[in-house]
$ cat work_3.cif   # mmCIF, C-alpha atoms
data_run
loop_
_atom_site.group_PDB
_atom_site.id
_atom_site.type_symbol
_atom_site.label_atom_id
_atom_site.label_comp_id
_atom_site.auth_asym_id
_atom_site.auth_seq_id
_atom_site.Cartn_x
_atom_site.Cartn_y
_atom_site.Cartn_z
ATOM 1 C CA MET A 1 141.550 87.676 37.598
ATOM 2 C CA ARG A 2 144.221 90.307 38.320
ATOM 3 C CA ASP A 3 142.732 91.072 41.747
ATOM 4 C CA THR A 4 142.523 87.362 42.555
ATOM 5 C CA LEU A 5 146.197 86.878 41.681
ATOM 6 C CA ILE A 6 147.189 89.834 43.852
ATOM 7 C CA THR A 7 145.169 88.366 46.721
ATOM 8 C CA VAL A 8 146.771 84.920 46.326
ATOM 9 C CA LEU A 9 150.285 86.403 46.175
ATOM 10 C CA MET A 10 149.652 88.575 49.222
ATOM 11 C CA LEU A 11 148.193 85.652 51.162
ATOM 12 C CA THR A 12 151.354 83.688 50.380
ATOM 13 C CA ILE A 13 153.431 86.547 51.766
ATOM 14 C CA ALA A 14 151.154 86.688 54.821
ATOM 15 C CA ILE A 15 151.476 82.964 55.485
ATOM 16 C CA ILE A 16 155.266 83.177 55.302
ATOM 17 C CA HIS A 17 155.171 86.030 57.817
ATOM 18 C CA LEU A 18 152.774 84.092 60.061
ATOM 19 C CA LEU A 19 154.932 80.959 60.305
ATOM 20 C CA PRO A 20 157.123 82.354 63.138
ATOM 21 C CA VAL A 21 154.052 83.034 65.311
ATOM 22 C CA ALA A 22 154.396 79.524 66.753
ATOM 23 C CA GLY A 23 157.549 80.808 68.487
ATOM 24 C CA MET A 24 155.349 82.923 70.714
ATOM 25 C CA LEU A 25 154.185 79.790 72.494
ATOM 26 C CA SER A 26 157.474 78.629 73.989
ATOM 27 C CA VAL A 27 161.250 78.506 73.865
ATOM 28 C CA GLU A 28 160.948 74.962 72.550
ATOM 29 C CA ARG A 29 158.997 76.191 69.517
ATOM 30 C CA LEU A 30 161.623 78.883 68.912
ATOM 31 C CA HIS A 31 164.286 76.193 69.011
ATOM 32 C CA GLU A 32 162.337 74.074 66.516
ATOM 33 C CA LEU A 33 161.945 77.066 64.198
ATOM 34 C CA TYR A 34 165.500 78.418 64.301
ATOM 35 C CA GLN A 35 167.681 75.680 65.845
ATOM 36 C CA ILE A 36 169.084 78.146 68.371
ATOM 37 C CA GLU A 37 169.467 77.799 72.123
ATOM 38 C CA ILE A 38 167.719 80.444 74.176
ATOM 39 C CA ASN A 39 169.048 80.191 77.711
ATOM 40 C CA ASP A 40 168.435 83.780 78.699
ATOM 41 C CA LYS A 41 165.038 85.128 79.827
ATOM 42 C CA ASP A 42 165.683 88.512 78.197
ATOM 43 C CA LEU A 43 166.438 86.876 74.842
ATOM 44 C CA GLU A 44 163.334 84.699 75.291
ATOM 45 C CA ILE A 45 161.176 87.785 75.760
ATOM 46 C CA LEU A 46 162.675 89.465 72.693
ATOM 47 C CA MET A 47 162.330 86.399 70.469
ATOM 48 C CA ARG A 48 158.780 85.654 71.558
ATOM 49 C CA HIS A 49 157.858 89.308 71.041
ATOM 50 C CA ARG A 50 159.444 89.094 67.579
ATOM 51 C CA ALA A 51 157.103 86.187 66.858
ATOM 52 C CA ALA A 52 154.134 88.284 67.978
ATOM 53 C CA LEU A 53 155.185 91.171 65.744
ATOM 54 C CA PHE A 54 155.431 88.832 62.767
ATOM 55 C CA GLY A 55 151.905 87.716 63.574
ATOM 56 C CA ILE A 56 150.677 91.296 63.541
ATOM 57 C CA LEU A 57 152.486 91.968 60.258
ATOM 58 C CA GLY A 58 151.188 88.755 58.684
ATOM 59 C CA LEU A 59 147.619 89.505 59.728
ATOM 60 C CA PHE A 60 147.853 93.014 58.296
ATOM 61 C CA ILE A 61 149.175 91.696 54.984
ATOM 62 C CA ALA A 62 146.381 89.093 54.902
ATOM 63 C CA TYR A 63 143.773 91.776 55.589
ATOM 64 C CA ALA A 64 145.279 94.030 52.925
ATOM 65 C CA ALA A 65 145.079 91.155 50.445
ATOM 66 C CA PHE A 66 141.306 91.728 50.481
ATOM 67 C CA THR A 67 141.451 95.527 50.903
ATOM 68 C CA PRO A 68 142.946 97.145 47.789
ATOM 69 C CA MET A 69 143.170 100.556 49.468
ATOM 70 C CA LEU A 70 145.660 99.101 51.998
ATOM 71 C CA GLN A 71 147.727 97.110 49.530
ATOM 72 C CA PRO A 72 150.350 99.822 48.834
ATOM 73 C CA ILE A 73 151.044 100.109 52.575
ATOM 74 C CA ALA A 74 151.247 96.322 52.859
ATOM 75 C CA PHE A 75 153.684 96.253 49.931
ATOM 76 C CA VAL A 76 155.931 98.766 51.688
ATOM 77 C CA VAL A 77 155.921 97.018 55.069
ATOM 78 C CA ALA A 78 156.455 93.593 53.461
ATOM 79 C CA PHE A 79 159.351 95.027 51.445
ATOM 80 C CA LEU A 80 160.918 96.586 54.552
ATOM 81 C CA SER A 81 160.539 93.355 56.508
ATOM 82 C CA LEU A 82 162.088 91.243 53.754
ATOM 83 C CA ALA A 83 164.822 93.731 52.875
ATOM 84 C CA SER A 84 165.917 94.111 56.506
ATOM 85 C CA PHE A 85 166.155 90.337 56.949
ATOM 86 C CA PHE A 86 168.061 89.914 53.675
ATOM 87 C CA TYR A 87 170.464 92.663 54.746
ATOM 88 C CA LEU A 88 171.051 91.100 58.157
ATOM 89 C CA SER A 89 171.462 87.573 56.830
ATOM 90 C CA LEU A 90 173.915 88.719 54.147
ATOM 91 C CA SER A 91 175.895 91.053 56.395
ATOM 92 C CA VAL A 92 176.196 88.586 59.295
ATOM 93 C CA GLY A 93 176.407 85.401 57.212
ATOM 94 C CA ASP A 94 177.390 81.930 58.397
ATOM 95 C CA TYR A 95 173.882 81.079 59.560
ATOM 96 C CA ASN A 96 172.545 77.632 60.364
ATOM 97 C CA PRO A 97 170.342 75.477 58.084
ATOM 98 C CA ALA A 98 167.161 76.586 59.887
ATOM 99 C CA ILE A 99 167.937 80.234 59.157
ATOM 100 C CA ARG A 100 168.780 79.229 55.574
ATOM 101 C CA ARG A 101 165.207 77.890 55.292
ATOM 102 C CA VAL A 102 163.927 81.267 56.500
ATOM 103 C CA VAL A 103 166.047 82.998 53.849
ATOM 104 C CA MET A 104 164.612 80.672 51.184
ATOM 105 C CA ALA A 105 161.044 81.301 52.376
ATOM 106 C CA ASP A 106 161.706 85.039 52.273
ATOM 107 C CA ILE A 107 162.993 84.713 48.709
ATOM 108 C CA VAL A 108 159.640 83.120 47.816
ATOM 109 C CA ALA A 109 157.867 85.984 49.628
ATOM 110 C CA ALA A 110 159.979 88.544 47.742
ATOM 111 C CA ILE A 111 159.078 86.969 44.401
ATOM 112 C CA CYS A 112 155.401 87.018 45.385
ATOM 113 C CA LEU A 113 155.733 90.635 46.463
ATOM 114 C CA LEU A 114 157.318 91.620 43.162
ATOM 115 C CA GLY A 115 154.518 89.864 41.295
ATOM 116 C CA ALA A 116 151.787 91.464 43.402
ATOM 117 C CA VAL A 117 153.261 94.951 42.981
ATOM 118 C CA MET A 118 153.610 94.506 39.232
ATOM 119 C CA LEU A 119 150.009 93.314 38.931
ATOM 120 C CA TYR A 120 148.798 96.163 41.156
ATOM 121 C CA LEU A 121 150.524 98.729 38.955
ATOM 122 C CA LEU A 122 148.999 97.363 35.740
#
$ encode --input "work_3.cif" --output "structure tokens"
Amino acid sequence: MRDTLITVLMLTIAIIHLLPVAGMLSVERLHELYQIEINDKDLEILMRHRAALFGILGLFIAYAAFTPMLQPIAFVVAFLSLASFFYLSLSVGDYNPAIRRVVMADIVAAICLLGAVMLYLL
């Protein structure tokens, strides 16, 4: 039961990290996700690459959900991802409602991460 709960919590974290992958497809998808205008090709490349990196991270977390040996590493990278976004969103502030939804999703992911780590350590 404990292992199943860890897997479910980690898959939730993975899904949250996989949601931005749609931004890899086009600027329009990035706009739908974040409600930002991307009128610069360099920014488009960076944002679409960001989406790809989230896909890689999400896939790793999903794989680790079924591979207990990798779970501590997945916990660390998920923590670093979430903590860096929380830091940036708090330090910059005044973000739009779409970014607020990302913050809320990351709060859910952080709660899942805390639960998974606690269960893992039991």
$ atom_distance --input "work_3.cif" --atom1 "CA of Pro20 in chain A" --atom2 "CA of Ser91 in chain A"
21.8 Å
$ residues_around --input "work_3.cif" --residues "range 27-35 of chain A" --least-positions-apart "5" --cutoff "9 Å" --atoms "all atoms listed in the file" --output "list in words"
Leu19, Pro20, Ala22, Glu44, Met47, Arg48, Ala51, Asn96, Pro97, Ala98, Ile99 and Val102 of chain A
$ residues_around --input "work_3.cif" --residues "Val103 in chain A" --least-positions-apart "2" --cutoff "8 Å" --atoms "all atoms listed in the file" --output "ChimeraX atom specification"
/A:85-86,89,99-101,105-107
$ resolve_selection --input "work_3.cif" --expression "the PyMOL selection byres ((chain A and resi 65-79) around 7)" --output "PyMOL selection string"
chain A and resi 7+10-11+61-64+80-83+113
$ write_last_selection --input "work_3.cif" --atoms "C-alpha atoms" --output "compact mmCIF listing (two decimals), in the coordinates of the input"
# COMPACT_ATOMS: atom_id res chain seq x y z
CA THR A 7 145.17 88.37 46.72
CA MET A 10 149.65 88.58 49.22
CA LEU A 11 148.19 85.65 51.16
CA ILE A 61 149.18 91.70 54.98
CA ALA A 62 146.38 89.09 54.90
CA TYR A 63 143.77 91.78 55.59
CA ALA A 64 145.28 94.03 52.92
CA LEU A 80 160.92 96.59 54.55
CA SER A 81 160.54 93.36 56.51
CA LEU A 82 162.09 91.24 53.75
CA ALA A 83 164.82 93.73 52.88
CA LEU A 113 155.73 90.64 46.46
$ atom_distance --input "work_3.cif" --atom1 "CA of Met24 in chain A" --atom2 "CA of Asp94 in chain A"
25.3 Å
$ atom_distance --input "work_3.cif" --atom1 "CA of Leu25 in chain A" --atom2 "CA of Leu59 in chain A"
17.3 Å
$ axis_aligned_box --input "work_3.cif" --around "range 59-63 of chain A" --padding-each-side "5 Å" --output "AutoDock Vina command-line options"
--center_x 146.5 --center_y 91.1 --center_z 57.3 --size_x 15.4 --size_y 13.9 --size_z 14.8
$ closest_residue --input "work_3.cif" --among "A:Met118, A:Val92, A:Ala52, A:Ile16" --to "Met104 in chain A" --atoms "all atoms listed in the file"
A:Ile16
$ resolve_selection --input "work_3.cif" --expression "the PyMOL selection byres ((chain A and resi 58) around 8)" --output "list of chain:residue names"
A:Ile13, A:Ala14, A:Ile15, A:Ile16, A:His17, A:Leu18, A:Phe54, A:Gly55, A:Ile56, A:Leu57, A:Leu59, A:Phe60, A:Ile61, A:Ala62
$ write_last_selection --input "work_3.cif" --atoms "C-alpha atoms" --output "PDB file, keeping the file's coordinate frame"
ATOM      1  CA  ILE A  13     153.431  86.547  51.766  1.00  0.00           C
ATOM      2  CA  ALA A  14     151.154  86.688  54.821  1.00  0.00           C
ATOM      3  CA  ILE A  15     151.476  82.964  55.485  1.00  0.00           C
ATOM      4  CA  ILE A  16     155.266  83.177  55.302  1.00  0.00           C
ATOM      5  CA  HIS A  17     155.171  86.030  57.817  1.00  0.00           C
ATOM      6  CA  LEU A  18     152.774  84.092  60.061  1.00  0.00           C
ATOM      7  CA  PHE A  54     155.431  88.832  62.767  1.00  0.00           C
ATOM      8  CA  GLY A  55     151.905  87.716  63.574  1.00  0.00           C
ATOM      9  CA  ILE A  56     150.677  91.296  63.541  1.00  0.00           C
ATOM     10  CA  LEU A  57     152.486  91.968  60.258  1.00  0.00           C
ATOM     11  CA  LEU A  59     147.619  89.505  59.728  1.00  0.00           C
ATOM     12  CA  PHE A  60     147.853  93.014  58.296  1.00  0.00           C
ATOM     13  CA  ILE A  61     149.175  91.696  54.984  1.00  0.00           C
ATOM     14  CA  ALA A  62     146.381  89.093  54.902  1.00  0.00           C
TER      15      ALA A  62
END
$ decode --input "work_3.cif" --residues "range 79-108 of chain A" --atoms "N, CA, C and O atoms" --output "PDB file, in the first residue's frame"
ATOM      1  N   PHE A  79      11.981  18.669  -6.139  1.00  0.00           N
ATOM      2  CA  PHE A  79      12.089  19.747  -5.154  1.00  0.00           C
ATOM      3  C   PHE A  79      12.780  20.965  -5.758  1.00  0.00           C
ATOM      4  O   PHE A  79      12.317  22.095  -5.593  1.00  0.00           O
ATOM      5  N   LEU A  80      13.884  20.750  -6.452  1.00  0.00           N
ATOM      6  CA  LEU A  80      14.623  21.871  -7.052  1.00  0.00           C
ATOM      7  C   LEU A  80      13.775  22.592  -8.092  1.00  0.00           C
ATOM      8  O   LEU A  80      13.792  23.832  -8.165  1.00  0.00           O
ATOM      9  N   SER A  81      13.050  21.844  -8.900  1.00  0.00           N
ATOM     10  CA  SER A  81      12.181  22.450  -9.900  1.00  0.00           C
ATOM     11  C   SER A  81      11.107  23.309  -9.233  1.00  0.00           C
ATOM     12  O   SER A  81      10.905  24.477  -9.604  1.00  0.00           O
ATOM     13  N   LEU A  82      10.431  22.736  -8.245  1.00  0.00           N
ATOM     14  CA  LEU A  82       9.356  23.467  -7.569  1.00  0.00           C
ATOM     15  C   LEU A  82       9.898  24.654  -6.792  1.00  0.00           C
ATOM     16  O   LEU A  82       9.348  25.761  -6.858  1.00  0.00           O
ATOM     17  N   ALA A  83      10.975  24.446  -6.052  1.00  0.00           N
ATOM     18  CA  ALA A  83      11.532  25.521  -5.227  1.00  0.00           C
ATOM     19  C   ALA A  83      11.998  26.688  -6.091  1.00  0.00           C
ATOM     20  O   ALA A  83      11.786  27.858  -5.736  1.00  0.00           O
ATOM     21  N   SER A  84      12.618  26.398  -7.234  1.00  0.00           N
ATOM     22  CA  SER A  84      13.101  27.487  -8.090  1.00  0.00           C
ATOM     23  C   SER A  84      11.931  28.285  -8.654  1.00  0.00           C
ATOM     24  O   SER A  84      11.992  29.515  -8.737  1.00  0.00           O
ATOM     25  N   PHE A  85      10.844  27.598  -9.025  1.00  0.00           N
ATOM     26  CA  PHE A  85       9.682  28.322  -9.544  1.00  0.00           C
ATOM     27  C   PHE A  85       9.012  29.144  -8.450  1.00  0.00           C
ATOM     28  O   PHE A  85       8.609  30.286  -8.681  1.00  0.00           O
ATOM     29  N   PHE A  86       8.881  28.558  -7.248  1.00  0.00           N
ATOM     30  CA  PHE A  86       8.302  29.322  -6.133  1.00  0.00           C
ATOM     31  C   PHE A  86       9.143  30.558  -5.839  1.00  0.00           C
ATOM     32  O   PHE A  86       8.621  31.652  -5.642  1.00  0.00           O
ATOM     33  N   TYR A  87      10.457  30.399  -5.833  1.00  0.00           N
ATOM     34  CA  TYR A  87      11.339  31.547  -5.583  1.00  0.00           C
ATOM     35  C   TYR A  87      11.131  32.628  -6.638  1.00  0.00           C
ATOM     36  O   TYR A  87      10.966  33.810  -6.305  1.00  0.00           O
ATOM     37  N   LEU A  88      11.140  32.233  -7.902  1.00  0.00           N
ATOM     38  CA  LEU A  88      10.980  33.221  -8.972  1.00  0.00           C
ATOM     39  C   LEU A  88       9.615  33.893  -8.918  1.00  0.00           C
ATOM     40  O   LEU A  88       9.512  35.119  -9.060  1.00  0.00           O
ATOM     41  N   SER A  89       8.571  33.117  -8.714  1.00  0.00           N
ATOM     42  CA  SER A  89       7.232  33.715  -8.693  1.00  0.00           C
ATOM     43  C   SER A  89       7.065  34.657  -7.507  1.00  0.00           C
ATOM     44  O   SER A  89       6.441  35.716  -7.630  1.00  0.00           O
ATOM     45  N   LEU A  90       7.638  34.311  -6.362  1.00  0.00           N
ATOM     46  CA  LEU A  90       7.547  35.193  -5.193  1.00  0.00           C
ATOM     47  C   LEU A  90       8.435  36.429  -5.337  1.00  0.00           C
ATOM     48  O   LEU A  90       8.035  37.530  -4.968  1.00  0.00           O
ATOM     49  N   SER A  91       9.629  36.245  -5.872  1.00  0.00           N
ATOM     50  CA  SER A  91      10.554  37.382  -5.960  1.00  0.00           C
ATOM     51  C   SER A  91      10.160  38.366  -7.063  1.00  0.00           C
ATOM     52  O   SER A  91      10.354  39.568  -6.917  1.00  0.00           O
ATOM     53  N   VAL A  92       9.590  37.877  -8.154  1.00  0.00           N
ATOM     54  CA  VAL A  92       9.165  38.763  -9.238  1.00  0.00           C
ATOM     55  C   VAL A  92       7.769  39.308  -8.945  1.00  0.00           C
ATOM     56  O   VAL A  92       7.521  40.504  -9.053  1.00  0.00           O
ATOM     57  N   GLY A  93       6.855  38.415  -8.584  1.00  0.00           N
ATOM     58  CA  GLY A  93       5.490  38.821  -8.229  1.00  0.00           C
ATOM     59  C   GLY A  93       4.705  39.395  -9.394  1.00  0.00           C
ATOM     60  O   GLY A  93       5.153  39.411 -10.535  1.00  0.00           O
ATOM     61  N   ASP A  94       3.513  39.857  -9.091  1.00  0.00           N
ATOM     62  CA  ASP A  94       2.624  40.525 -10.046  1.00  0.00           C
ATOM     63  C   ASP A  94       2.461  39.741 -11.348  1.00  0.00           C
ATOM     64  O   ASP A  94       2.547  40.281 -12.439  1.00  0.00           O
ATOM     65  N   TYR A  95       2.224  38.443 -11.209  1.00  0.00           N
ATOM     66  CA  TYR A  95       2.059  37.597 -12.388  1.00  0.00           C
ATOM     67  C   TYR A  95       0.589  37.504 -12.778  1.00  0.00           C
ATOM     68  O   TYR A  95      -0.299  37.833 -11.999  1.00  0.00           O
ATOM     69  N   ASN A  96       0.361  37.037 -13.994  1.00  0.00           N
ATOM     70  CA  ASN A  96      -0.994  36.981 -14.536  1.00  0.00           C
ATOM     71  C   ASN A  96      -1.757  35.758 -13.992  1.00  0.00           C
ATOM     72  O   ASN A  96      -1.162  34.883 -13.352  1.00  0.00           O
ATOM     73  N   PRO A  97      -3.056  35.675 -14.250  1.00  0.00           N
ATOM     74  CA  PRO A  97      -3.851  34.547 -13.754  1.00  0.00           C
ATOM     75  C   PRO A  97      -3.383  33.174 -14.269  1.00  0.00           C
ATOM     76  O   PRO A  97      -3.510  32.177 -13.562  1.00  0.00           O
ATOM     77  N   ALA A  98      -2.841  33.122 -15.471  1.00  0.00           N
ATOM     78  CA  ALA A  98      -2.344  31.848 -15.999  1.00  0.00           C
ATOM     79  C   ALA A  98      -1.135  31.369 -15.196  1.00  0.00           C
ATOM     80  O   ALA A  98      -1.019  30.181 -14.883  1.00  0.00           O
ATOM     81  N   ILE A  99      -0.251  32.287 -14.851  1.00  0.00           N
ATOM     82  CA  ILE A  99       0.903  31.922 -14.024  1.00  0.00           C
ATOM     83  C   ILE A  99       0.423  31.556 -12.616  1.00  0.00           C
ATOM     84  O   ILE A  99       0.964  30.635 -11.992  1.00  0.00           O
ATOM     85  N   ARG A 100      -0.601  32.237 -12.132  1.00  0.00           N
ATOM     86  CA  ARG A 100      -1.168  31.899 -10.819  1.00  0.00           C
ATOM     87  C   ARG A 100      -1.651  30.443 -10.813  1.00  0.00           C
ATOM     88  O   ARG A 100      -1.469  29.723  -9.835  1.00  0.00           O
ATOM     89  N   ARG A 101      -2.238  29.987 -11.916  1.00  0.00           N
ATOM     90  CA  ARG A 101      -2.663  28.585 -12.013  1.00  0.00           C
ATOM     91  C   ARG A 101      -1.452  27.649 -11.939  1.00  0.00           C
ATOM     92  O   ARG A 101      -1.529  26.576 -11.339  1.00  0.00           O
ATOM     93  N   VAL A 102      -0.350  28.050 -12.557  1.00  0.00           N
ATOM     94  CA  VAL A 102       0.872  27.249 -12.484  1.00  0.00           C
ATOM     95  C   VAL A 102       1.361  27.180 -11.037  1.00  0.00           C
ATOM     96  O   VAL A 102       1.748  26.109 -10.553  1.00  0.00           O
ATOM     97  N   VAL A 103       1.335  28.316 -10.353  1.00  0.00           N
ATOM     98  CA  VAL A 103       1.738  28.341  -8.939  1.00  0.00           C
ATOM     99  C   VAL A 103       0.855  27.385  -8.135  1.00  0.00           C
ATOM    100  O   VAL A 103       1.350  26.594  -7.323  1.00  0.00           O
ATOM    101  N   MET A 104      -0.454  27.426  -8.369  1.00  0.00           N
ATOM    102  CA  MET A 104      -1.375  26.559  -7.631  1.00  0.00           C
ATOM    103  C   MET A 104      -1.106  25.079  -7.949  1.00  0.00           C
ATOM    104  O   MET A 104      -1.112  24.235  -7.048  1.00  0.00           O
ATOM    105  N   ALA A 105      -0.853  24.769  -9.203  1.00  0.00           N
ATOM    106  CA  ALA A 105      -0.533  23.389  -9.577  1.00  0.00           C
ATOM    107  C   ALA A 105       0.764  22.949  -8.899  1.00  0.00           C
ATOM    108  O   ALA A 105       0.874  21.802  -8.430  1.00  0.00           O
ATOM    109  N   ASP A 106       1.729  23.850  -8.830  1.00  0.00           N
ATOM    110  CA  ASP A 106       2.996  23.510  -8.178  1.00  0.00           C
ATOM    111  C   ASP A 106       2.833  23.351  -6.674  1.00  0.00           C
ATOM    112  O   ASP A 106       3.571  22.583  -6.049  1.00  0.00           O
ATOM    113  N   ILE A 107       1.880  24.044  -6.079  1.00  0.00           N
ATOM    114  CA  ILE A 107       1.590  23.829  -4.660  1.00  0.00           C
ATOM    115  C   ILE A 107       1.055  22.404  -4.464  1.00  0.00           C
ATOM    116  O   ILE A 107       1.467  21.695  -3.533  1.00  0.00           O
ATOM    117  N   VAL A 108       0.171  21.978  -5.358  1.00  0.00           N
ATOM    118  CA  VAL A 108      -0.332  20.594  -5.309  1.00  0.00           C
ATOM    119  C   VAL A 108       0.836  19.620  -5.453  1.00  0.00           C
ATOM    120  O   VAL A 108       0.952  18.641  -4.700  1.00  0.00           O
TER     121      VAL A 108
END
